[in-house]
file data30.txt (compact mmCIF, C-alpha atoms)
# COMPACT_ATOMS: atom_id res chain seq x y z
CA MET A 1 33.01 18.09 -26.83
CA LEU A 2 30.84 15.11 -27.80
CA GLN A 3 32.62 12.10 -29.23
CA GLU A 4 31.78 10.60 -32.61
CA ASN A 5 28.35 9.00 -32.93
CA GLU A 6 27.96 5.21 -32.55
CA TYR A 7 25.13 3.22 -34.12
CA ILE A 8 23.42 0.51 -32.04
CA LYS A 9 20.55 -1.76 -33.03
CA CYS A 10 19.27 -2.30 -29.48
CA LEU A 11 20.26 -0.07 -26.56
CA ILE A 12 19.36 -1.09 -23.01
CA ILE A 13 19.45 1.51 -20.24
CA GLY A 14 19.69 -0.08 -16.79
CA SER A 15 21.09 -3.27 -15.33
CA GLY A 16 18.69 -4.80 -12.83
CA PRO A 17 16.65 -7.97 -13.44
CA ALA A 18 14.66 -6.23 -16.19
CA GLY A 19 17.68 -4.85 -18.04
CA TYR A 20 19.75 -8.03 -17.87
CA THR A 21 16.81 -10.23 -18.91
CA ALA A 22 16.11 -7.94 -21.85
CA ALA A 23 19.80 -8.25 -22.76
CA ILE A 24 19.70 -12.06 -22.66
CA TYR A 25 16.69 -12.22 -24.99
CA ALA A 26 17.92 -9.45 -27.28
CA ALA A 27 21.33 -11.08 -27.62
CA ARG A 28 19.81 -14.47 -28.42
CA ALA A 29 17.74 -12.74 -31.10
CA ASP A 30 20.98 -11.38 -32.64
CA LEU A 31 20.07 -7.77 -31.90
CA LYS A 32 23.64 -7.21 -30.63
CA PRO A 33 22.46 -5.27 -27.58
CA VAL A 34 24.56 -2.70 -25.78
CA LEU A 35 23.67 -2.25 -22.11
CA TYR A 36 24.68 0.75 -20.02
CA THR A 37 24.63 -0.16 -16.34
CA GLY A 38 23.89 3.21 -14.80
CA ILE A 39 25.45 4.41 -11.55
CA VAL A 40 24.47 1.27 -9.60
CA PRO A 41 25.20 -1.85 -11.72
CA GLY A 42 22.66 -4.49 -10.80
CA GLY A 43 20.16 -2.01 -9.39
CA GLN A 44 18.33 -2.28 -6.06
CA LEU A 45 19.07 -5.97 -5.62
CA THR A 46 22.74 -5.22 -5.06
CA GLN A 47 21.66 -3.47 -1.86
CA THR A 48 19.80 -6.58 -0.69
CA THR A 49 21.26 -9.46 1.28
CA ASP A 50 19.31 -12.72 0.93
CA VAL A 51 16.89 -13.26 -1.95
CA GLU A 52 14.75 -16.33 -1.35
CA ASN A 53 11.72 -15.84 -3.61
CA PHE A 54 13.32 -15.91 -7.07
CA PRO A 55 12.75 -19.21 -8.93
CA GLY A 56 15.86 -21.28 -9.61
CA TYR A 57 17.61 -20.51 -6.33
CA PRO A 58 16.24 -23.18 -3.96
CA ASP A 59 18.69 -22.27 -1.20
CA GLY A 60 18.35 -18.52 -1.68
CA VAL A 61 21.05 -16.22 -3.00
CA GLN A 62 22.73 -12.94 -2.13
CA GLY A 63 21.35 -10.04 -4.19
CA THR A 64 24.80 -9.10 -5.47
CA GLN A 65 25.52 -12.70 -6.51
CA MET A 66 22.18 -12.97 -8.28
CA MET A 67 22.87 -9.87 -10.34
CA GLU A 68 26.35 -11.14 -11.12
CA ASP A 69 24.76 -14.36 -12.43
CA PHE A 70 22.39 -12.32 -14.59
CA ARG A 71 25.29 -10.26 -15.93
CA LYS A 72 27.35 -13.32 -16.82
CA GLN A 73 24.44 -14.90 -18.64
CA ALA A 74 23.84 -11.73 -20.65
CA GLU A 75 27.54 -11.54 -21.54
CA ARG A 76 27.61 -15.21 -22.50
CA PHE A 77 25.21 -14.50 -25.35
CA GLY A 78 27.16 -11.50 -26.55
CA THR A 79 25.71 -8.47 -24.76
CA ASP A 80 28.11 -5.53 -24.72
CA ILE A 81 27.87 -4.38 -21.09
CA ARG A 82 29.32 -0.96 -20.35
CA PHE A 83 29.58 1.06 -17.17
CA GLY A 84 28.09 4.42 -17.99
CA TYR A 85 25.28 6.83 -17.25
CA ILE A 86 22.86 8.27 -19.80
CA THR A 87 22.78 12.04 -19.35
CA SER A 88 20.31 13.09 -22.06
CA VAL A 89 18.02 11.56 -24.66
CA GLU A 90 16.42 12.62 -27.92
CA PHE A 91 13.73 10.20 -29.05
CA SER A 92 11.84 10.26 -32.34
CA ASN A 93 9.72 7.71 -34.17
CA ASP A 94 12.65 6.71 -36.35
CA VAL A 95 16.04 6.77 -34.64
CA HIS A 96 16.89 7.65 -31.06
CA ARG A 97 19.92 9.53 -29.79
CA VAL A 98 21.31 9.42 -26.29
CA VAL A 99 24.35 10.99 -24.68
CA VAL A 100 26.49 8.84 -22.40
CA ASP A 101 28.34 10.47 -19.50
CA GLY A 102 27.82 13.84 -21.16
CA GLU A 103 30.48 13.15 -23.78
CA LYS A 104 29.51 10.41 -26.22
CA THR A 105 26.50 10.29 -28.56
CA VAL A 106 24.87 6.98 -29.39
CA THR A 107 22.18 6.39 -32.01
CA ALA A 108 19.87 3.43 -31.49
CA GLU A 109 17.10 1.87 -33.55
CA THR A 110 15.44 0.56 -30.41
CA VAL A 111 15.79 1.58 -26.78
CA ILE A 112 14.76 -0.51 -23.78
CA ILE A 113 14.44 1.51 -20.59
CA ALA A 114 15.05 -0.46 -17.39
CA THR A 115 16.17 2.29 -15.01
CA GLY A 116 14.06 1.01 -12.12
CA ALA A 117 12.79 2.88 -9.09
CA THR A 118 14.39 3.91 -5.83
CA ALA A 119 12.80 3.36 -2.43
CA LYS A 120 12.15 6.48 -0.39
CA TRP A 121 13.86 6.42 2.99
CA LEU A 122 13.41 8.39 6.18
CA GLY A 123 16.96 9.74 6.06
CA LEU A 124 18.19 8.28 9.33
CA GLU A 125 21.87 7.34 9.49
CA SER A 126 20.98 4.13 11.35
CA GLU A 127 18.50 3.28 8.60
CA GLN A 128 21.30 2.90 6.10
CA LYS A 129 23.62 1.27 8.64
CA TYR A 130 21.18 -1.61 9.13
CA ASN A 131 19.80 -1.73 5.59
CA GLY A 132 19.75 -5.44 4.77
CA PHE A 133 20.37 -6.35 8.40
CA GLY A 134 16.89 -5.80 9.77
CA VAL A 135 15.91 -2.71 7.77
CA SER A 136 14.01 -3.24 4.52
CA ALA A 137 11.83 -1.37 2.04
CA CYS A 138 10.07 -4.52 0.83
CA ALA A 139 7.93 -6.63 3.15
CA VAL A 140 7.11 -9.16 0.44
CA CYS A 141 10.83 -9.65 -0.21
CA ASP A 142 12.05 -9.85 3.37
CA GLY A 143 9.09 -10.52 5.66
CA PHE A 144 9.82 -14.25 5.69
CA PHE A 145 13.01 -13.65 7.68
CA PHE A 146 10.98 -12.23 10.58
CA ARG A 147 8.54 -15.07 11.08
CA GLY A 148 7.34 -15.14 14.71
CA GLN A 149 9.17 -11.91 15.60
CA ASP A 150 8.08 -8.35 16.43
CA VAL A 151 8.55 -5.78 13.66
CA ALA A 152 7.74 -2.15 12.89
CA ILE A 153 6.60 -0.55 9.67
CA VAL A 154 6.49 3.15 8.75
CA GLY A 155 3.81 4.51 6.43
CA ALA A 156 0.13 5.38 6.18
CA GLY A 157 -0.80 4.81 2.54
CA ASP A 158 -2.19 1.79 0.69
CA THR A 159 1.26 0.25 0.26
CA ALA A 160 2.04 0.51 3.97
CA ALA A 161 -1.36 -0.94 4.89
CA GLU A 162 -0.94 -3.81 2.46
CA GLU A 163 2.58 -4.58 3.66
CA ALA A 164 1.52 -4.36 7.31
CA THR A 165 -1.23 -6.95 6.80
CA TYR A 166 1.22 -9.13 4.88
CA LEU A 167 3.74 -8.93 7.73
CA ALA A 168 1.00 -9.69 10.25
CA LYS A 169 0.62 -13.16 8.71
CA LEU A 170 4.28 -13.88 9.45
CA ALA A 171 5.30 -11.80 12.43
CA ASN A 172 4.21 -12.11 16.04
CA LYS A 173 3.37 -8.41 16.22
CA VAL A 174 3.49 -5.47 13.81
CA HIS A 175 3.94 -1.91 15.12
CA MET A 176 2.61 0.49 12.49
CA LEU A 177 4.02 4.03 12.79
CA VAL A 178 1.69 6.65 11.33
CA ARG A 179 3.00 10.21 11.28
CA ARG A 180 -0.41 11.89 11.36
CA ASP A 181 -3.58 11.17 13.34
CA GLU A 182 -5.14 9.33 10.43
CA PHE A 183 -4.32 7.03 7.51
CA ARG A 184 -3.88 8.11 3.91
CA ALA A 185 -4.85 4.63 2.77
CA SER A 186 -8.19 3.82 1.18
CA LYS A 187 -11.09 2.91 3.49
CA ALA A 188 -10.90 -0.73 2.41
CA MET A 189 -7.21 -0.96 3.31
CA GLN A 190 -7.81 0.82 6.62
CA HIS A 191 -10.45 -1.74 7.54
CA ARG A 192 -8.02 -4.57 6.79
CA VAL A 193 -5.41 -3.06 9.11
CA LEU A 194 -7.87 -2.20 11.88
CA ASN A 195 -9.33 -5.70 11.79
CA THR A 196 -5.94 -7.42 12.06
CA PRO A 197 -5.46 -8.16 15.76
CA ASN A 198 -1.65 -8.33 15.84
CA ILE A 199 -1.16 -4.89 14.23
CA GLU A 200 -0.77 -2.08 16.75
CA ILE A 201 -1.15 1.39 15.26
CA HIS A 202 0.84 4.28 16.72
CA TYR A 203 -0.65 7.57 15.49
CA ASN A 204 1.33 10.84 15.47
CA THR A 205 4.43 8.73 15.86
CA GLU A 206 7.76 8.92 14.06
CA ALA A 207 10.98 6.95 14.16
CA LYS A 208 13.87 8.85 15.73
CA GLU A 209 16.55 6.17 15.55
CA ILE A 210 16.92 2.49 14.74
CA ILE A 211 18.70 0.65 17.51
CA GLY A 212 20.98 -2.30 16.89
CA ASP A 213 23.85 -4.32 18.28
CA GLY A 214 26.12 -3.51 15.36
CA GLN A 215 25.02 -6.63 13.49
CA SER A 216 21.23 -6.47 13.41
CA VAL A 217 18.22 -4.44 14.56
CA THR A 218 17.12 -4.79 18.18
CA GLY A 219 14.62 -1.95 18.45
CA VAL A 220 13.41 1.41 17.23
CA LEU A 221 13.31 4.63 19.24
CA VAL A 222 10.10 6.49 18.41
CA TYR A 223 8.57 9.75 19.54
CA HIS A 224 5.08 11.22 19.63
CA ASN A 225 5.24 14.32 17.44
CA GLN A 226 2.64 16.16 19.53
CA THR A 227 3.89 15.47 23.06
CA LEU A 228 7.52 14.70 22.08
CA GLU A 229 7.42 11.71 24.42
CA GLU A 230 9.96 9.05 23.44
CA ARG A 231 9.87 5.28 23.88
CA LEU A 232 11.69 2.23 22.68
CA LEU A 233 9.88 -0.49 20.75
CA PRO A 234 11.74 -3.81 20.90
CA VAL A 235 11.67 -5.10 17.30
CA THR A 236 14.01 -7.11 15.11
CA GLY A 237 12.71 -5.81 11.79
CA PHE A 238 12.07 -2.28 10.56
CA PHE A 239 10.19 -1.78 7.28
CA VAL A 240 9.90 1.51 5.41
CA ALA A 241 6.80 1.83 3.23
CA ILE A 242 6.63 5.51 2.33
CA GLY A 243 6.81 4.99 -1.43
CA HIS A 244 9.20 4.62 -4.33
CA LYS A 245 10.51 7.16 -6.82
CA PRO A 246 10.85 5.90 -10.40
CA ASN A 247 14.12 6.87 -12.07
CA THR A 248 12.51 8.76 -14.91
CA GLU A 249 13.81 12.35 -14.60
CA LEU A 250 15.71 11.82 -17.84
CA PHE A 251 12.52 11.20 -19.81
CA LYS A 252 10.30 14.02 -18.53
CA GLY A 253 8.53 15.85 -21.34
CA ILE A 254 9.47 13.07 -23.77
CA LEU A 255 7.71 9.91 -22.62
CA ASP A 256 4.23 9.65 -21.12
CA MET A 257 4.22 9.26 -17.33
CA ASP A 258 1.60 8.98 -14.63
CA THR A 259 1.28 11.52 -11.82
CA ASN A 260 3.97 9.73 -9.78
CA GLY A 261 6.49 9.67 -12.62
CA TYR A 262 6.14 6.02 -13.68
CA LEU A 263 6.42 5.46 -17.42
CA ILE A 264 3.13 4.55 -19.07
CA THR A 265 3.19 1.53 -21.35
CA GLN A 266 0.42 0.25 -23.57
CA PRO A 267 -1.77 -2.37 -21.87
CA GLY A 268 -0.27 -5.86 -22.12
CA SER A 269 2.88 -4.42 -23.63
CA THR A 270 6.12 -2.60 -22.84
CA ARG A 271 5.64 -0.08 -25.67
CA THR A 272 5.80 3.60 -24.74
CA ASN A 273 4.25 6.49 -26.66
CA ILE A 274 7.28 6.62 -28.97
CA GLU A 275 7.85 3.85 -31.49
CA GLY A 276 10.93 1.78 -30.87
CA VAL A 277 11.17 2.80 -27.20
CA PHE A 278 10.15 0.22 -24.60
CA ALA A 279 10.01 0.32 -20.80
CA CYS A 280 10.26 -2.60 -18.41
CA GLY A 281 10.69 -3.37 -14.72
CA ASP A 282 10.02 -1.06 -11.81
CA VAL A 283 10.29 2.05 -13.95
CA GLN A 284 6.79 1.24 -15.25
CA ASP A 285 5.49 -1.04 -12.49
CA HIS A 286 4.22 0.62 -9.32
CA ILE A 287 2.17 -2.40 -8.24
CA TYR A 288 4.31 -5.53 -7.96
CA ARG A 289 7.92 -4.27 -7.88
CA GLN A 290 9.44 -7.76 -7.68
CA ALA A 291 12.59 -9.10 -9.33
CA VAL A 292 10.66 -11.87 -11.06
CA THR A 293 8.04 -9.53 -12.53
CA ALA A 294 10.78 -7.13 -13.63
CA ALA A 295 12.56 -10.00 -15.39
CA GLY A 296 9.30 -10.96 -17.09
CA THR A 297 8.76 -7.50 -18.53
CA GLY A 298 12.43 -7.40 -19.58
CA CYS A 299 11.74 -10.49 -21.68
CA MET A 300 8.64 -8.81 -23.13
CA ALA A 301 10.58 -5.66 -24.05
CA ALA A 302 13.27 -7.61 -25.93
CA LEU A 303 10.70 -9.67 -27.84
CA GLU A 304 8.80 -6.53 -28.77
CA ALA A 305 12.00 -4.79 -29.87
CA GLU A 306 12.82 -7.79 -32.07
CA ARG A 307 9.35 -7.74 -33.65
CA TYR A 308 9.52 -3.98 -34.16
CA LEU A 309 12.84 -4.25 -36.00
CA ALA A 310 11.61 -7.19 -38.07
CA ALA A 311 8.53 -5.23 -39.13
CA LYS A 312 10.68 -2.25 -40.08
CA GLU A 313 12.98 -4.39 -42.22
CA HIS A 314 10.03 -6.06 -43.90
CA ALA A 315 8.46 -2.66 -44.66
CA ILE A 316 11.69 -1.44 -46.25
CA VAL A 317 11.93 -4.54 -48.44
call {"tool": "encode", "arguments": {"input": "data30.txt", "output": "structure tokens"}}
result
Amino acid sequence: MLQENEYIKCLIIGSGPAGYTAAIYAARADLKPVLYTGIVPGGQLTQTTDVENFPGYPDGVQGTQMMEDFRKQAERFGTDIRFGYITSVEFSNDVHRVVVDGEKTVTAETVIIATGATAKWLGLESEQKYNGFGVSACAVCDGFFFRGQDVAIVGAGDTAAEEATYLAKLANKVHMLVRRDEFRASKAMQHRVLNTPNIEIHYNTEAKEIIGDGQSVTGVLVYHNQTLEERLLPVTGFFVAIGHKPNTELFKGILDMDTNGYLITQPGSTRTNIEGVFACGDVQDHIYRQAVTAAGTGCMAALEAERYLAAKEHAIV
């Protein structure tokens, strides 16, 4: 049985850089935001070790500590942070209803969606064992740690090609594992990879196991999927670039999405197709996917929610 309805002026769904930044701005605007963390409080960054590219942390910071700092700042201004998972939503152009943990109904005047995206993994046990200790799903985030070393990257699309060329500027050598006998990337991206001398492409090749010493990655065991021949590539970094899945299942059939499930927002805005509902961070960004850009759109969403509410109040008066 659903519990009694609660009214909220500004509801934030998600607790990564986008959600917490939206909370900071919304709280300072006296919107009295309530933030539901989701299953993983802090989002993807809590599964990251060192973060060295976020402004304000000159010595770098652990991902978990960074999100704890964000949370404390949001709470300092009065954000009501709750551990909970949104199980269903009912959006209209007036008020919006959501169900928390399948048992409590909440009505909100504005909703800010910051549910993020989840990296797709190969499904290897060793992949998760060394995640953050040589295994990464973000070359831009972690490539710096492998300067002058040999690394491997899995993928054949535009993202993989872009990340491989990025890594090639830092690493000594980049082994690119392509499952088929051709790329899926655009011709322009293929040319960039093929014209980068320290990228070696392994076609029809898949990762069988990531090898490590218990502390960090030391190599990757690969096999040719036509001949089944195996070999060990000595690398210290293993990057997975086979895509991300936006956490938008909850909003299917309600909010506009692109073909990959990312929420569509109006150009230069965080507004969705429903008034009073805003989307920020990786849930609507399939291009940059960085903590700093997520935080920026979180700020935008809170400012737009504030302006939306102010316009509504003015219209009523």
call {"tool": "closest_atom_pairs", "arguments": {"input": "data30.txt", "of": "region 128-157 of chain A", "to": "region 237-240 of chain A", "cutoff": "6 Å", "atoms": "only C-alpha atoms", "output": "CSV"}}
result
residue,atom,partner,partner_atom,distance
A:Gly134,CA,A:Gly237,CA,4.6
A:Val135,CA,A:Phe238,CA,4.8
A:Ser136,CA,A:Phe239,CA,4.9
A:Ala137,CA,A:Val240,CA,4.8
A:Val151,CA,A:Gly237,CA,4.6
A:Ala152,CA,A:Phe238,CA,4.9
A:Ile153,CA,A:Phe239,CA,4.5
A:Val154,CA,A:Val240,CA,5.0
call {"tool": "closest_residue", "arguments": {"input": "data30.txt", "among": "A:Thr115, A:Thr107, A:Thr165, A:Asn131", "to": "Cys280 (chain A)", "atoms": "all atoms listed in the file"}}
result
A:Thr115
call {"tool": "residues_around", "arguments": {"input": "data30.txt", "residues": "region 193-204 of chain A", "least_positions_apart": "6", "cutoff": "6 Å", "atoms": "all atoms listed in the file", "output": "compact mmCIF listing (two decimals) with C-alpha atoms, in the frame of the given file"}}
result
# COMPACT_ATOMS: atom_id res chain seq x y z
CA LYS A 173 3.37 -8.41 16.22
CA VAL A 174 3.49 -5.47 13.81
CA HIS A 175 3.94 -1.91 15.12
CA MET A 176 2.61 0.49 12.49
CA LEU A 177 4.02 4.03 12.79
CA VAL A 178 1.69 6.65 11.33
CA ARG A 179 3.00 10.21 11.28
CA ARG A 180 -0.41 11.89 11.36
CA ASP A 181 -3.58 11.17 13.34
CA HIS A 224 5.08 11.22 19.63
CA ASN A 225 5.24 14.32 17.44
call {"tool": "residues_around", "arguments": {"input": "data30.txt", "residues": "Lys245 (chain A)", "least_positions_apart": "5", "cutoff": "10 Å", "atoms": "all atoms listed in the file", "output": "PyMOL selection string"}}
result
chain A and resi 116-120+260-262+282-283+286
call {"tool": "closest_residue", "arguments": {"input": "data30.txt", "among": "A:Arg184, A:Arg307, A:Arg71, A:Lys208", "to": "Gly43 (chain A)", "atoms": "all atoms listed in the file"}}
result
A:Arg71
call {"tool": "residues_around", "arguments": {"input": "data30.txt", "residues": "Gln65 (chain A)", "least_positions_apart": "3", "cutoff": "10 Å", "atoms": "only C-alpha atoms", "output": "ChimeraX atom specification"}}
result
/A:42,45-46,49-51,61-62,68-71
call {"tool": "residues_near_point", "arguments": {"input": "data30.txt", "point": "(29.0, 12.5, -18.3)", "cutoff": "8 Å", "atoms": "only C-alpha atoms", "output": "VMD selection string"}}
result
chain A and resid 85 to 87 100 to 103
call {"tool": "closest_residue", "arguments": {"input": "data30.txt", "among": "A:Lys104, A:Arg192, A:Lys169, A:Arg271", "to": "Met300 (chain A)", "atoms": "all atoms listed in the file"}}
result
A:Arg271
call {"tool": "closest_residue", "arguments": {"input": "data30.txt", "among": "A:Asp256, A:Glu109, A:Glu304, A:Glu206", "to": "Thr270 (chain A)", "atoms": "all atoms listed in the file"}}
result
A:Glu304
call {"tool": "residues_around", "arguments": {"input": "data30.txt", "residues": "Pro55 (chain A)", "least_positions_apart": "3", "cutoff": "9 Å", "atoms": "all atoms listed in the file", "output": "list in words"}}
result
Glu52, Pro58 and Val292 of chain A
call {"tool": "residues_around", "arguments": {"input": "data30.txt", "residues": "region 22-28 of chain A", "least_positions_apart": "3", "cutoff": "9 Å", "atoms": "only C-alpha atoms", "output": "ChimeraX atom specification"}}
result
/A:10,12,17-19,31-35,70-71,73-80,112,114,280,295-303,305-306
call {"tool": "write_last_selection", "arguments": {"input": "data30.txt", "atoms": "C-alpha atoms", "output": "PDB file, in the coordinates of the input"}}
result
ATOM      1  CA  CYS A  10      19.270  -2.300 -29.480  1.00  0.00           C
ATOM      2  CA  ILE A  12      19.360  -1.090 -23.010  1.00  0.00           C
ATOM      3  CA  PRO A  17      16.650  -7.970 -13.440  1.00  0.00           C
ATOM      4  CA  ALA A  18      14.660  -6.230 -16.190  1.00  0.00           C
ATOM      5  CA  GLY A  19      17.680  -4.850 -18.040  1.00  0.00           C
ATOM      6  CA  LEU A  31      20.070  -7.770 -31.900  1.00  0.00           C
ATOM      7  CA  LYS A  32      23.640  -7.210 -30.630  1.00  0.00           C
ATOM      8  CA  PRO A  33      22.460  -5.270 -27.580  1.00  0.00           C
ATOM      9  CA  VAL A  34      24.560  -2.700 -25.780  1.00  0.00           C
ATOM     10  CA  LEU A  35      23.670  -2.250 -22.110  1.00  0.00           C
ATOM     11  CA  PHE A  70      22.390 -12.320 -14.590  1.00  0.00           C
ATOM     12  CA  ARG A  71      25.290 -10.260 -15.930  1.00  0.00           C
ATOM     13  CA  GLN A  73      24.440 -14.900 -18.640  1.00  0.00           C
ATOM     14  CA  ALA A  74      23.840 -11.730 -20.650  1.00  0.00           C
ATOM     15  CA  GLU A  75      27.540 -11.540 -21.540  1.00  0.00           C
ATOM     16  CA  ARG A  76      27.610 -15.210 -22.500  1.00  0.00           C
ATOM     17  CA  PHE A  77      25.210 -14.500 -25.350  1.00  0.00           C
ATOM     18  CA  GLY A  78      27.160 -11.500 -26.550  1.00  0.00           C
ATOM     19  CA  THR A  79      25.710  -8.470 -24.760  1.00  0.00           C
ATOM     20  CA  ASP A  80      28.110  -5.530 -24.720  1.00  0.00           C
ATOM     21  CA  ILE A 112      14.760  -0.510 -23.780  1.00  0.00           C
ATOM     22  CA  ALA A 114      15.050  -0.460 -17.390  1.00  0.00           C
ATOM     23  CA  CYS A 280      10.260  -2.600 -18.410  1.00  0.00           C
ATOM     24  CA  ALA A 295      12.560 -10.000 -15.390  1.00  0.00           C
ATOM     25  CA  GLY A 296       9.300 -10.960 -17.090  1.00  0.00           C
ATOM     26  CA  THR A 297       8.760  -7.500 -18.530  1.00  0.00           C
ATOM     27  CA  GLY A 298      12.430  -7.400 -19.580  1.00  0.00           C
ATOM     28  CA  CYS A 299      11.740 -10.490 -21.680  1.00  0.00           C
ATOM     29  CA  MET A 300       8.640  -8.810 -23.130  1.00  0.00           C
ATOM     30  CA  ALA A 301      10.580  -5.660 -24.050  1.00  0.00           C
ATOM     31  CA  ALA A 302      13.270  -7.610 -25.930  1.00  0.00           C
ATOM     32  CA  LEU A 303      10.700  -9.670 -27.840  1.00  0.00           C
ATOM     33  CA  ALA A 305      12.000  -4.790 -29.870  1.00  0.00           C
ATOM     34  CA  GLU A 306      12.820  -7.790 -32.070  1.00  0.00           C
TER      35      GLU A 306
END
call {"tool": "atom_distance", "arguments": {"input": "data30.txt", "atom1": "CA of Leu167 (chain A)", "atom2": "CA of Gly212 (chain A)"}}
result
20.6 Å
call {"tool": "atom_distance", "arguments": {"input": "data30.txt", "atom1": "CA of Gly214 (chain A)", "atom2": "CA of Tyr130 (chain A)"}}
result
8.2 Å
call {"tool": "closest_residue", "arguments": {"input": "data30.txt", "among": "A:Leu263, A:Val106, A:Ile242, A:Val222", "to": "Glu6 (chain A)", "atoms": "only C-alpha atoms"}}
result
A:Val106
call {"tool": "closest_residue", "arguments": {"input": "data30.txt", "among": "A:Phe83, A:Phe91, A:Tyr7, A:Phe146", "to": "Val235 (chain A)", "atoms": "all atoms listed in the file"}}
result
A:Phe146
call {"tool": "residues_near_point", "arguments": {"input": "data30.txt", "point": "(21.4, 2.6, -13.7)", "cutoff": "6 Å", "atoms": "all atoms listed in the file", "output": "list of chain:residue names"}}
result
A:Gly14, A:Thr37, A:Gly38, A:Ile39, A:Val40, A:Thr115
call {"tool": "write_last_selection", "arguments": {"input": "data30.txt", "atoms": "C-alpha atoms", "output": "mmCIF file, in the coordinates of the input"}}
result
data_model
loop_
_atom_site.group_PDB
_atom_site.id
_atom_site.type_symbol
_atom_site.label_atom_id
_atom_site.label_comp_id
_atom_site.auth_asym_id
_atom_site.auth_seq_id
_atom_site.Cartn_x
_atom_site.Cartn_y
_atom_site.Cartn_z
ATOM 1 C CA GLY A 14 19.690 -0.080 -16.790
ATOM 2 C CA THR A 37 24.630 -0.160 -16.340
ATOM 3 C CA GLY A 38 23.890 3.210 -14.800
ATOM 4 C CA ILE A 39 25.450 4.410 -11.550
ATOM 5 C CA VAL A 40 24.470 1.270 -9.600
ATOM 6 C CA THR A 115 16.170 2.290 -15.010
#
call {"tool": "atom_distance", "arguments": {"input": "data30.txt", "atom1": "CA of Gly219 (chain A)", "atom2": "CA of Arg231 (chain A)"}}
result
10.2 Å
